[in-house]
file run.cif (mmCIF, C-alpha atoms and all ligand atoms)
data_run
#
loop_
_atom_site.label_atom_id
_atom_site.label_comp_id
_atom_site.auth_asym_id
_atom_site.auth_seq_id
_atom_site.Cartn_x
_atom_site.Cartn_y
_atom_site.Cartn_z
CA MET A 10 -15.89 57.96 37.89
CA VAL A 11 -13.26 60.04 36.09
CA ALA A 12 -13.52 63.83 36.59
CA HIS A 13 -13.50 65.83 33.36
CA LYS A 14 -12.02 69.28 33.01
CA ARG A 15 -14.12 72.08 31.58
CA GLY A 16 -14.10 71.87 27.77
CA GLU A 17 -12.78 68.30 27.77
CA MET A 18 -14.81 65.83 25.72
CA MET A 19 -16.89 63.41 27.81
CA PRO A 20 -16.32 59.75 26.94
CA GLU A 21 -18.86 58.57 24.39
CA PHE A 22 -20.77 56.26 26.76
CA SER A 23 -20.37 58.37 29.90
CA ASP A 24 -22.94 57.15 32.50
CA LYS A 25 -24.74 55.03 29.92
CA VAL A 26 -25.95 51.65 31.18
CA VAL A 27 -24.80 48.83 28.89
CA VAL A 28 -26.10 45.30 29.47
CA ILE A 29 -23.88 42.53 28.10
CA THR A 30 -24.80 38.84 28.09
CA GLY A 31 -22.12 36.17 27.95
CA ALA A 32 -19.89 38.76 29.63
CA ALA A 33 -17.47 36.17 31.07
CA GLY A 34 -16.57 34.78 27.63
CA GLY A 35 -13.90 35.80 25.15
CA ILE A 36 -15.88 38.44 23.27
CA GLY A 37 -17.88 39.38 26.39
CA LEU A 38 -14.77 40.36 28.35
CA ALA A 39 -13.49 42.44 25.42
CA LEU A 40 -16.91 44.12 25.17
CA THR A 41 -16.92 44.95 28.88
CA LYS A 42 -13.47 46.55 28.69
CA ALA A 43 -14.28 48.47 25.49
CA PHE A 44 -17.51 49.97 26.84
CA GLU A 45 -16.00 50.76 30.26
CA LYS A 46 -13.09 52.54 28.59
CA LEU A 47 -15.69 54.83 27.02
CA GLY A 48 -17.32 55.61 30.37
CA ALA A 49 -20.18 53.08 30.37
CA ILE A 50 -21.64 51.38 33.43
CA VAL A 51 -21.56 47.74 32.36
CA VAL A 52 -24.03 45.21 33.70
CA SER A 53 -22.56 41.75 33.03
CA ILE A 54 -24.81 38.75 32.66
CA ASP A 55 -23.37 35.23 32.69
CA ARG A 56 -23.73 31.89 34.39
CA GLU A 57 -19.93 32.00 34.94
CA GLY A 58 -20.17 34.91 37.37
CA THR A 59 -16.71 34.90 38.82
CA LYS A 60 -15.00 35.43 35.47
CA ALA A 61 -17.04 38.45 34.38
CA GLY A 62 -16.05 42.10 34.77
CA GLY A 63 -18.41 45.07 34.81
CA ALA A 64 -19.79 47.35 37.53
CA VAL A 65 -22.77 45.10 38.25
CA GLN A 66 -22.95 41.38 37.74
CA LEU A 67 -26.06 39.26 37.43
CA TYR A 68 -25.38 35.54 37.59
CA GLY A 69 -27.88 33.16 36.11
CA ASP A 70 -28.82 30.77 33.38
CA LEU A 71 -30.15 32.60 30.34
CA SER A 72 -31.89 29.42 29.20
CA ASP A 73 -34.22 29.88 32.19
CA PRO A 74 -37.12 31.85 30.67
CA ASP A 75 -37.87 33.77 33.90
CA PHE A 76 -34.25 34.78 34.43
CA ALA A 77 -33.90 36.06 30.84
CA ALA A 78 -37.21 37.92 30.85
CA ASN A 79 -36.48 39.56 34.21
CA VAL A 80 -32.95 40.81 33.51
CA PRO A 81 -34.09 44.16 32.01
CA HIS A 82 -36.44 44.81 34.95
CA LYS A 83 -33.65 44.03 37.44
CA VAL A 84 -31.32 46.43 35.60
CA ILE A 85 -33.92 49.21 35.74
CA GLU A 86 -34.44 48.53 39.47
CA HIS A 87 -30.71 48.67 40.14
CA ASN A 88 -29.42 51.19 37.57
CA GLY A 89 -32.51 53.13 36.55
CA ARG A 90 -32.04 52.78 32.78
CA ILE A 91 -30.84 50.62 29.89
CA ASP A 92 -29.14 52.47 27.05
CA VAL A 93 -27.55 49.50 25.28
CA LEU A 94 -28.27 45.77 25.28
CA VAL A 95 -25.73 43.39 23.73
CA ASN A 96 -27.02 39.85 23.26
CA ASN A 97 -23.65 38.12 23.08
CA ALA A 98 -24.10 34.86 25.02
CA GLY A 99 -24.10 31.82 22.79
CA ILE A 100 -23.33 28.12 22.70
CA ILE A 101 -22.13 25.94 19.87
CA HIS A 102 -23.27 22.40 19.28
CA ARG A 103 -21.15 20.56 16.75
CA GLY A 104 -22.34 17.93 14.28
CA PRO A 105 -25.06 17.34 11.69
CA VAL A 106 -28.71 16.84 12.77
CA THR A 107 -28.14 13.10 13.04
CA ASP A 108 -25.66 13.80 15.87
CA SER A 109 -27.94 16.31 17.61
CA ASP A 110 -30.24 15.03 20.34
CA ASP A 111 -33.27 16.82 21.79
CA GLU A 112 -31.22 18.29 24.62
CA ALA A 113 -28.78 19.88 22.14
CA LEU A 114 -31.77 21.26 20.21
CA ARG A 115 -33.38 22.63 23.37
CA ALA A 116 -30.19 24.20 24.71
CA SER A 117 -29.19 25.75 21.36
CA LEU A 118 -32.60 27.31 20.84
CA ALA A 119 -32.82 28.42 24.49
CA VAL A 120 -29.49 30.27 24.64
CA ASN A 121 -29.00 31.45 21.04
CA VAL A 122 -32.59 32.41 20.16
CA GLU A 123 -35.03 32.39 23.07
CA ALA A 124 -32.85 34.32 25.53
CA PRO A 125 -32.21 37.24 23.11
CA PHE A 126 -35.92 37.14 22.20
CA ARG A 127 -37.00 37.41 25.86
CA LEU A 128 -34.38 40.01 26.75
CA CYS A 129 -35.42 42.18 23.80
CA ARG A 130 -39.13 41.71 24.48
CA SER A 131 -38.64 42.98 28.04
CA ALA A 132 -36.04 45.67 27.26
CA ILE A 133 -37.68 47.33 24.24
CA PRO A 134 -40.69 48.87 26.09
CA LEU A 135 -38.38 50.08 28.87
CA MET A 136 -35.98 51.64 26.35
CA ALA A 137 -38.87 53.16 24.40
CA GLU A 138 -40.29 54.73 27.55
CA ALA A 139 -36.89 56.34 28.20
CA GLY A 140 -36.69 57.75 24.67
CA GLY A 141 -34.79 55.00 22.84
CA GLY A 142 -31.67 52.88 22.87
CA ALA A 143 -29.51 50.47 20.91
CA ILE A 144 -29.47 46.68 20.76
CA VAL A 145 -26.63 44.70 19.19
CA ASN A 146 -26.97 40.96 18.69
CA VAL A 147 -23.93 38.75 18.14
CA ALA A 148 -24.96 36.29 15.44
CA SER A 149 -22.42 34.60 13.13
CA CYS A 150 -21.30 34.37 9.50
CA TRP A 151 -22.70 30.85 9.78
CA GLY A 152 -26.11 32.37 10.42
CA ARG A 153 -25.94 34.06 7.01
CA ARG A 154 -24.65 31.06 5.03
CA PRO A 155 -24.25 27.53 6.40
CA GLY A 156 -20.96 26.01 7.45
CA PRO A 157 -20.49 22.22 7.50
CA ASN A 158 -21.47 19.97 10.43
CA HIS A 159 -22.91 22.62 12.74
CA ALA A 160 -26.62 22.39 11.83
CA LEU A 161 -28.05 23.60 15.16
CA TYR A 162 -25.55 26.43 15.49
CA CYS A 163 -26.18 27.67 11.94
CA MET A 164 -29.96 27.36 12.31
CA THR A 165 -30.10 29.24 15.61
CA LYS A 166 -27.73 31.99 14.44
CA ALA A 167 -29.82 32.37 11.26
CA ALA A 168 -32.88 32.79 13.50
CA LEU A 169 -31.10 35.44 15.55
CA ALA A 170 -29.98 37.25 12.38
CA SER A 171 -33.54 37.27 11.07
CA LEU A 172 -34.94 38.40 14.44
CA THR A 173 -32.42 41.26 14.40
CA GLU A 174 -33.58 42.45 10.98
CA CYS A 175 -37.25 42.19 12.02
CA MET A 176 -36.77 44.07 15.28
CA GLY A 177 -34.67 46.71 13.53
CA MET A 178 -37.61 47.41 11.25
CA ASP A 179 -40.36 47.12 13.87
CA HIS A 180 -38.83 49.29 16.59
CA ALA A 181 -37.06 52.03 14.63
CA HIS A 182 -40.08 54.27 15.18
CA GLN A 183 -39.41 54.03 18.94
CA ASN A 184 -35.85 55.29 18.36
CA ILE A 185 -34.46 51.86 19.12
CA ARG A 186 -31.78 50.72 16.70
CA VAL A 187 -31.38 46.95 16.51
CA ASN A 188 -28.36 45.65 14.61
CA GLY A 189 -26.18 42.56 14.54
CA VAL A 190 -22.59 41.51 14.01
CA CYS A 191 -21.72 38.28 12.24
CA PRO A 192 -18.16 37.21 13.05
CA ASN A 193 -16.30 34.42 11.33
CA GLU A 194 -13.72 32.59 13.52
CA VAL A 195 -12.67 34.45 16.70
CA ASN A 196 -9.85 33.43 19.07
CA THR A 197 -11.98 32.71 22.17
CA PRO A 198 -12.62 29.76 24.50
CA MET A 199 -15.54 28.74 22.24
CA LEU A 200 -13.16 28.14 19.32
CA ARG A 201 -10.22 26.84 21.34
CA THR A 202 -12.22 24.24 23.31
CA GLY A 203 -13.58 22.94 19.99
CA PHE A 204 -10.03 22.17 18.87
CA GLU A 205 -9.17 20.64 22.24
CA MET A 206 -12.23 18.38 22.09
CA ARG A 207 -11.00 17.11 18.73
CA GLY A 208 -7.57 16.36 20.24
CA MET A 209 -5.85 19.27 18.48
CA ASN A 210 -3.46 21.87 19.89
CA PRO A 211 -5.46 25.14 19.72
CA ASP A 212 -2.40 27.30 18.93
CA THR A 213 -1.31 25.06 16.05
CA ALA A 214 -4.89 24.80 14.77
CA ILE A 215 -5.32 28.60 14.89
CA ALA A 216 -2.01 29.11 13.05
CA GLU A 217 -3.40 26.88 10.28
CA LEU A 218 -6.75 28.68 10.34
CA ASN A 219 -4.98 32.05 10.02
CA LYS A 220 -3.76 30.97 6.58
CA THR A 221 -7.37 30.64 5.38
CA VAL A 222 -8.21 34.29 6.12
CA PRO A 223 -7.41 36.87 3.39
CA LEU A 224 -6.41 39.41 6.09
CA GLY A 225 -3.92 36.83 7.41
CA ARG A 226 -5.38 36.01 10.81
CA ILE A 227 -8.61 35.04 12.50
CA ALA A 228 -10.31 37.73 14.63
CA GLU A 229 -9.31 38.61 18.17
CA PRO A 230 -12.20 39.45 20.56
CA ASP A 231 -11.35 43.19 20.33
CA ASP A 232 -11.92 43.12 16.55
CA ILE A 233 -15.54 42.16 17.23
CA ALA A 234 -16.01 44.35 20.31
CA ASP A 235 -14.98 47.49 18.39
CA VAL A 236 -17.71 46.91 15.79
CA VAL A 237 -20.32 46.27 18.48
CA VAL A 238 -19.31 49.51 20.23
CA PHE A 239 -19.60 51.39 16.92
CA LEU A 240 -23.09 49.99 16.25
CA ALA A 241 -24.18 50.93 19.77
CA SER A 242 -22.76 54.43 19.44
CA ASP A 243 -24.23 57.60 18.03
CA LYS A 244 -21.82 57.30 15.09
CA ALA A 245 -24.11 54.53 13.84
CA ARG A 246 -27.25 56.63 14.39
CA TYR A 247 -28.64 55.92 10.92
CA ILE A 248 -27.86 52.17 10.90
CA CYS A 249 -30.83 50.07 11.90
CA GLY A 250 -31.82 46.46 11.17
CA GLU A 251 -28.39 45.79 9.66
CA LEU A 252 -26.11 42.74 9.97
CA ILE A 253 -22.41 43.43 9.63
CA GLU A 254 -20.06 40.58 8.78
CA VAL A 255 -16.71 40.91 10.57
CA ASN A 256 -14.68 38.29 8.76
CA GLY A 257 -11.28 39.57 7.52
CA ALA A 258 -12.65 38.94 3.99
CA LYS A 259 -13.17 35.23 4.72
CA VAL A 260 -16.69 34.61 3.50
CA VAL A 261 -18.56 31.39 4.08
CA SER A 262 -19.01 29.89 0.61
N1 LIG B 301 -15.64 32.45 18.76
C1 LIG B 301 -16.07 32.41 17.52
O1 LIG B 301 -15.37 31.92 16.62
C2 LIG B 301 -17.41 33.02 17.18
C3 LIG B 301 -17.74 33.17 15.82
C4 LIG B 301 -18.98 33.73 15.47
C5 LIG B 301 -19.87 34.09 16.47
N2 LIG B 301 -19.54 33.91 17.78
C6 LIG B 301 -20.53 34.28 18.78
O2 LIG B 301 -19.98 35.23 19.67
C7 LIG B 301 -20.66 35.13 20.93
C8 LIG B 301 -19.62 35.09 22.04
O3 LIG B 301 -18.87 33.91 21.87
P1 LIG B 301 -17.39 33.66 22.44
O4 LIG B 301 -16.59 33.16 21.32
O5 LIG B 301 -16.95 34.82 23.26
O6 LIG B 301 -17.73 32.38 23.34
P2 LIG B 301 -17.37 32.01 24.86
O7 LIG B 301 -17.73 30.58 24.98
O8 LIG B 301 -15.99 32.46 25.18
O9 LIG B 301 -18.40 32.93 25.67
C9 LIG B 301 -19.78 32.68 25.72
C10 LIG B 301 -20.28 33.11 27.09
O10 LIG B 301 -21.70 32.89 27.14
C11 LIG B 301 -22.01 32.36 28.42
N3 LIG B 301 -23.22 31.55 28.37
C12 LIG B 301 -23.46 30.48 27.57
N4 LIG B 301 -24.64 29.94 27.88
C13 LIG B 301 -25.16 30.68 28.89
C14 LIG B 301 -26.36 30.59 29.66
N5 LIG B 301 -27.25 29.60 29.47
N6 LIG B 301 -26.58 31.52 30.60
C15 LIG B 301 -25.69 32.50 30.84
N7 LIG B 301 -24.53 32.63 30.16
C16 LIG B 301 -24.28 31.71 29.21
C17 LIG B 301 -20.82 31.47 28.79
O11 LIG B 301 -20.73 31.23 30.18
C18 LIG B 301 -19.66 32.28 28.24
O12 LIG B 301 -19.10 33.14 29.22
C19 LIG B 301 -21.53 33.87 20.85
O13 LIG B 301 -22.86 34.23 20.60
C20 LIG B 301 -20.95 33.13 19.67
O14 LIG B 301 -21.89 32.28 19.05
C21 LIG B 301 -18.33 33.40 18.15
#
call {"tool": "encode", "arguments": {"input": "run.cif", "output": "structure tokens", "more": "lines below"}}
Ligand SMILES: NC(=O)c1ccc[n+]([C@@H]2O[C@H](COP(=O)([O-])OP(=O)(O)OC[C@H]3O[C@@H](n4cnc5c(N)ncnc54)[C@H](O)[C@@H]3O)[C@@H](O)[C@H]2O)c1
result
Amino acid sequence: MVAHKRGEMMPEFSDKVVVITGAAGGIGLALTKAFEKLGAIVVSIDREGTKAGGAVQLYGDLSDPDFAANVPHKVIEHNGRIDVLVNNAGIIHRGPVTDSDDEALRASLAVNVEAPFRLCRSAIPLMAEAGGGAIVNVASCWGRRPGPNHALYCMTKAALASLTECMGMDHAHQNIRVNGVCPNEVNTPMLRTGFEMRGMNPDTAIAELNKTVPLGRIAEPDDIADVVVFLASDKARYICGELIEVNGAKVVS
């Protein structure tokens, strides 16, 4: 813990407990660093435990209903409070419905929709009891408008976007602000492994992709993390039930 001199501003998230799912991934690691820089105690949740940062790490499979539902209770037991929950974990299944088997359907729904649903359902009463909090869900531009050949991903991100808007409305009266970010392409393992699986060099493919973005480049994880931090912060105190596209002006058309 950093000591602060009299009169010096305390970091914005000083001593706040921030729970981040998918913390070992590209955006998750950037989120952990960004919140810790602002004084937060980060609880990282991921099945890839060894890669995650954060003060406390909970390893487990978020597609296990009991694990997901119990995370908020474990955080309260260990850290006493939850100020911010970021539902960031996600998986991408590629292909149209005709290339999507039942296991892909189950896994996509379990990680992208059911886990955030269960985490929120458990966390909201605990946050409400403590006077409020903020939840930020990482959806996708493809959850607002469909992209080609990713039917399960688009469907599940659309469900998460809708859930975000519903919860934002339903829990505002408890002083809980629920918002979402909808990135377009971000330079993370999720994107890069997709290129590798298709036999492409990720760096070359990203250089090509950069040309399709009006701002001149796809997003880096920090570009997304900064918006999540803003939505979780008091600067966004009057934003609730909102979905913010973070896309460098590249809209899905
Ligand atoms: N990268 C992009 O282009 C992009 C674009 C739009 C939205 N997103 C969204 O951003 C979020 C973060 O993605 P990323 O690009 O950092 O991906 P990533 O693959 O780098 O990270 C995802 C993390 O989630 C974890 N995870 C997945 N399933 C899990 C499970 N069952 N239990 C526990 N942990 C699990 C993984 O271990 C991984 O660490 C995702 O929700 C993704 O859909 C990404």
call {"tool": "residues_around", "arguments": {"input": "run.cif", "residues": "segment 102-119 of chain A", "least_positions_apart": "2", "cutoff": "8 Å", "atoms": "only C-alpha atoms", "output": "number ranges by chain"}}
result
A: 71-73, 100, 121-124, 157-162, 165
call {"tool": "atom_distance", "arguments": {"input": "run.cif", "atom1": "atom CA of Ala216 of chain A", "atom2": "atom CA of Asn196 of chain A"}}
result
10.8 Å
call {"tool": "residues_around", "arguments": {"input": "run.cif", "residues": "Arg153 of chain A", "least_positions_apart": "5", "cutoff": "12 Å", "atoms": "all atoms listed in the file", "output": "PyMOL selection string"}}
result
chain A and resi 148+162-171+189-193+252-254+260-262
call {"tool": "residues_around", "arguments": {"input": "run.cif", "residues": "Ala32 of chain A", "least_positions_apart": "2", "cutoff": "8 Å", "atoms": "only C-alpha atoms", "output": "ChimeraX atom specification"}}
result
/A:29-30,34,36-38,40-41,53-55,61-62,97-98
call {"tool": "write_last_selection", "arguments": {"input": "run.cif", "atoms": "C-alpha atoms", "output": "PDB file, in the coordinates of the input"}}
result
ATOM      1  CA  ILE A  29     -23.880  42.530  28.100  1.00  0.00           C
ATOM      2  CA  THR A  30     -24.800  38.840  28.090  1.00  0.00           C
ATOM      3  CA  GLY A  34     -16.570  34.780  27.630  1.00  0.00           C
ATOM      4  CA  ILE A  36     -15.880  38.440  23.270  1.00  0.00           C
ATOM      5  CA  GLY A  37     -17.880  39.380  26.390  1.00  0.00           C
ATOM      6  CA  LEU A  38     -14.770  40.360  28.350  1.00  0.00           C
ATOM      7  CA  LEU A  40     -16.910  44.120  25.170  1.00  0.00           C
ATOM      8  CA  THR A  41     -16.920  44.950  28.880  1.00  0.00           C
ATOM      9  CA  SER A  53     -22.560  41.750  33.030  1.00  0.00           C
ATOM     10  CA  ILE A  54     -24.810  38.750  32.660  1.00  0.00           C
ATOM     11  CA  ASP A  55     -23.370  35.230  32.690  1.00  0.00           C
ATOM     12  CA  ALA A  61     -17.040  38.450  34.380  1.00  0.00           C
ATOM     13  CA  GLY A  62     -16.050  42.100  34.770  1.00  0.00           C
ATOM     14  CA  ASN A  97     -23.650  38.120  23.080  1.00  0.00           C
ATOM     15  CA  ALA A  98     -24.100  34.860  25.020  1.00  0.00           C
TER      16      ALA A  98
END
call {"tool": "closest_residue", "arguments": {"input": "run.cif", "among": "A:Ser131, A:Ser242, A:Gln183, A:Thr59", "to": "Asp92 of chain A", "atoms": "only C-alpha atoms"}}
result
A:Ser242
call {"tool": "axis_aligned_box", "arguments": {"input": "run.cif", "around": "segment 82-95 of chain A", "padding_each_side": "8 Å", "output": "JSON"}}
result
{"center_x": -31.1, "center_y": 48.3, "center_z": 31.9, "size_x": 26.7, "size_y": 25.7, "size_z": 32.4}
call {"tool": "atom_distance", "arguments": {"input": "run.cif", "atom1": "atom CA of Glu138 of chain A", "atom2": "atom C10 of ligand LIG 301 (chain B)"}}
result
29.5 Å
call {"tool": "closest_residue", "arguments": {"input": "run.cif", "among": "A:Gln66, A:Thr202, A:Asn88, A:Asn256", "to": "Val26 of chain A", "atoms": "all atoms listed in the file"}}
result
A:Asn88
call {"tool": "atom_distance", "arguments": {"input": "run.cif", "atom1": "atom CA of Ile144 of chain A", "atom2": "atom CA of Asn188 of chain A"}}
result
6.3 Å
call {"tool": "closest_residue", "arguments": {"input": "run.cif", "among": "A:Gly156, A:Gly99, A:Gly177, A:Gly69", "to": "Cys129 of chain A", "atoms": "only C-alpha atoms"}}
result
A:Gly177
call {"tool": "closest_residue", "arguments": {"input": "run.cif", "among": "A:Val120, A:Leu240, A:Val255, A:Ile133", "to": "ligand LIG 301 (chain B)", "atoms": "only C-alpha atoms and all ligand atoms"}}
result
A:Val120
call {"tool": "closest_residue", "arguments": {"input": "run.cif", "among": "A:Phe76, A:Met206, A:Gly250, A:Lys259", "to": "Ala228 of chain A", "atoms": "all atoms listed in the file"}}
result
A:Lys259
call {"tool": "residues_around", "arguments": {"input": "run.cif", "residues": "Ile85 of chain A", "least_positions_apart": "3", "cutoff": "12 Å", "atoms": "all atoms listed in the file", "output": "PyMOL selection string"}}
result
chain A and resi 26-28+52+79-82+88-92+131-132+134-136+138-139
call {"tool": "residues_around", "arguments": {"input": "run.cif", "residues": "Val195 of chain A", "least_positions_apart": "3", "cutoff": "9 Å", "atoms": "only C-alpha atoms", "output": "PyMOL selection string"}}
result
chain A and resi 35-36+192+199-200+227-230+232-233
call {"tool": "closest_residue", "arguments": {"input": "run.cif", "among": "A:Pro20, A:Gly58, A:Pro198, A:Gly141", "to": "ligand LIG 301 (chain B)", "atoms": "only C-alpha atoms and all ligand atoms"}}
result
A:Pro198
call {"tool": "decode", "arguments": {"input": "run.cif", "residues": "segment 90-147 of chain A", "atoms": "C-alpha atoms", "output": "mmCIF file, in the first residue's frame"}}
result
data_model
loop_
_atom_site.group_PDB
_atom_site.id
_atom_site.type_symbol
_atom_site.label_atom_id
_atom_site.label_comp_id
_atom_site.auth_asym_id
_atom_site.auth_seq_id
_atom_site.Cartn_x
_atom_site.Cartn_y
_atom_site.Cartn_z
ATOM 1 C CA ARG A 90 -16.634 -6.077 0.069
ATOM 2 C CA ILE A 91 -17.137 -5.835 -3.697
ATOM 3 C CA ASP A 92 -17.073 -2.328 -5.138
ATOM 4 C CA VAL A 93 -16.687 -3.211 -8.817
ATOM 5 C CA LEU A 94 -17.410 -6.341 -10.837
ATOM 6 C CA VAL A 95 -16.080 -6.602 -14.398
ATOM 7 C CA ASN A 96 -17.524 -9.504 -16.379
ATOM 8 C CA ASN A 97 -14.770 -9.753 -18.968
ATOM 9 C CA ALA A 98 -14.258 -13.504 -19.521
ATOM 10 C CA GLY A 99 -15.482 -14.663 -22.889
ATOM 11 C CA ILE A 100 -14.965 -17.277 -25.567
ATOM 12 C CA ILE A 101 -15.438 -17.080 -29.306
ATOM 13 C CA HIS A 102 -16.819 -19.873 -31.430
ATOM 14 C CA ARG A 103 -16.332 -19.299 -35.122
ATOM 15 C CA GLY A 104 -18.686 -20.365 -37.912
ATOM 16 C CA PRO A 105 -22.365 -20.226 -38.878
ATOM 17 C CA VAL A 106 -24.968 -22.291 -36.953
ATOM 18 C CA THR A 107 -24.442 -25.197 -39.345
ATOM 19 C CA ASP A 108 -20.846 -25.452 -38.048
ATOM 20 C CA SER A 109 -21.853 -25.125 -34.384
ATOM 21 C CA ASP A 110 -22.477 -28.300 -32.409
ATOM 22 C CA ASP A 111 -24.295 -28.594 -29.085
ATOM 23 C CA GLU A 112 -21.044 -28.378 -27.139
ATOM 24 C CA ALA A 113 -20.172 -25.049 -28.804
ATOM 25 C CA LEU A 114 -23.683 -23.804 -27.998
ATOM 26 C CA ARG A 115 -23.421 -24.942 -24.376
ATOM 27 C CA ALA A 116 -19.956 -23.497 -23.831
ATOM 28 C CA SER A 117 -20.749 -20.151 -25.506
ATOM 29 C CA LEU A 118 -23.905 -19.662 -23.468
ATOM 30 C CA ALA A 119 -22.211 -20.853 -20.261
ATOM 31 C CA VAL A 120 -19.221 -18.493 -20.395
ATOM 32 C CA ASN A 121 -20.595 -15.463 -22.256
ATOM 33 C CA VAL A 122 -24.108 -15.298 -20.762
ATOM 34 C CA GLU A 123 -24.724 -17.634 -17.824
ATOM 35 C CA ALA A 124 -21.539 -16.805 -15.893
ATOM 36 C CA PRO A 125 -22.141 -13.007 -15.952
ATOM 37 C CA PHE A 126 -25.798 -13.703 -15.083
ATOM 38 C CA ARG A 127 -24.856 -15.811 -12.040
ATOM 39 C CA LEU A 128 -22.071 -13.482 -10.910
ATOM 40 C CA CYS A 129 -24.412 -10.477 -11.094
ATOM 41 C CA ARG A 130 -27.269 -12.324 -9.393
ATOM 42 C CA SER A 131 -24.996 -13.127 -6.443
ATOM 43 C CA ALA A 132 -23.089 -9.826 -6.363
ATOM 44 C CA ILE A 133 -25.989 -7.362 -6.658
ATOM 45 C CA PRO A 134 -27.598 -8.063 -3.232
ATOM 46 C CA LEU A 135 -24.160 -7.947 -1.585
ATOM 47 C CA MET A 136 -23.330 -4.635 -3.283
ATOM 48 C CA ALA A 137 -26.771 -3.244 -2.436
ATOM 49 C CA GLU A 138 -26.342 -4.161 1.219
ATOM 50 C CA ALA A 139 -23.041 -2.242 1.245
ATOM 51 C CA GLY A 140 -24.631 0.857 -0.311
ATOM 52 C CA GLY A 141 -24.008 0.267 -4.023
ATOM 53 C CA GLY A 142 -21.362 -0.478 -6.610
ATOM 54 C CA ALA A 143 -20.574 -0.651 -10.304
ATOM 55 C CA ILE A 144 -20.717 -3.518 -12.779
ATOM 56 C CA VAL A 145 -19.138 -3.369 -16.233
ATOM 57 C CA ASN A 146 -19.785 -6.124 -18.754
ATOM 58 C CA VAL A 147 -17.508 -6.648 -21.741
#
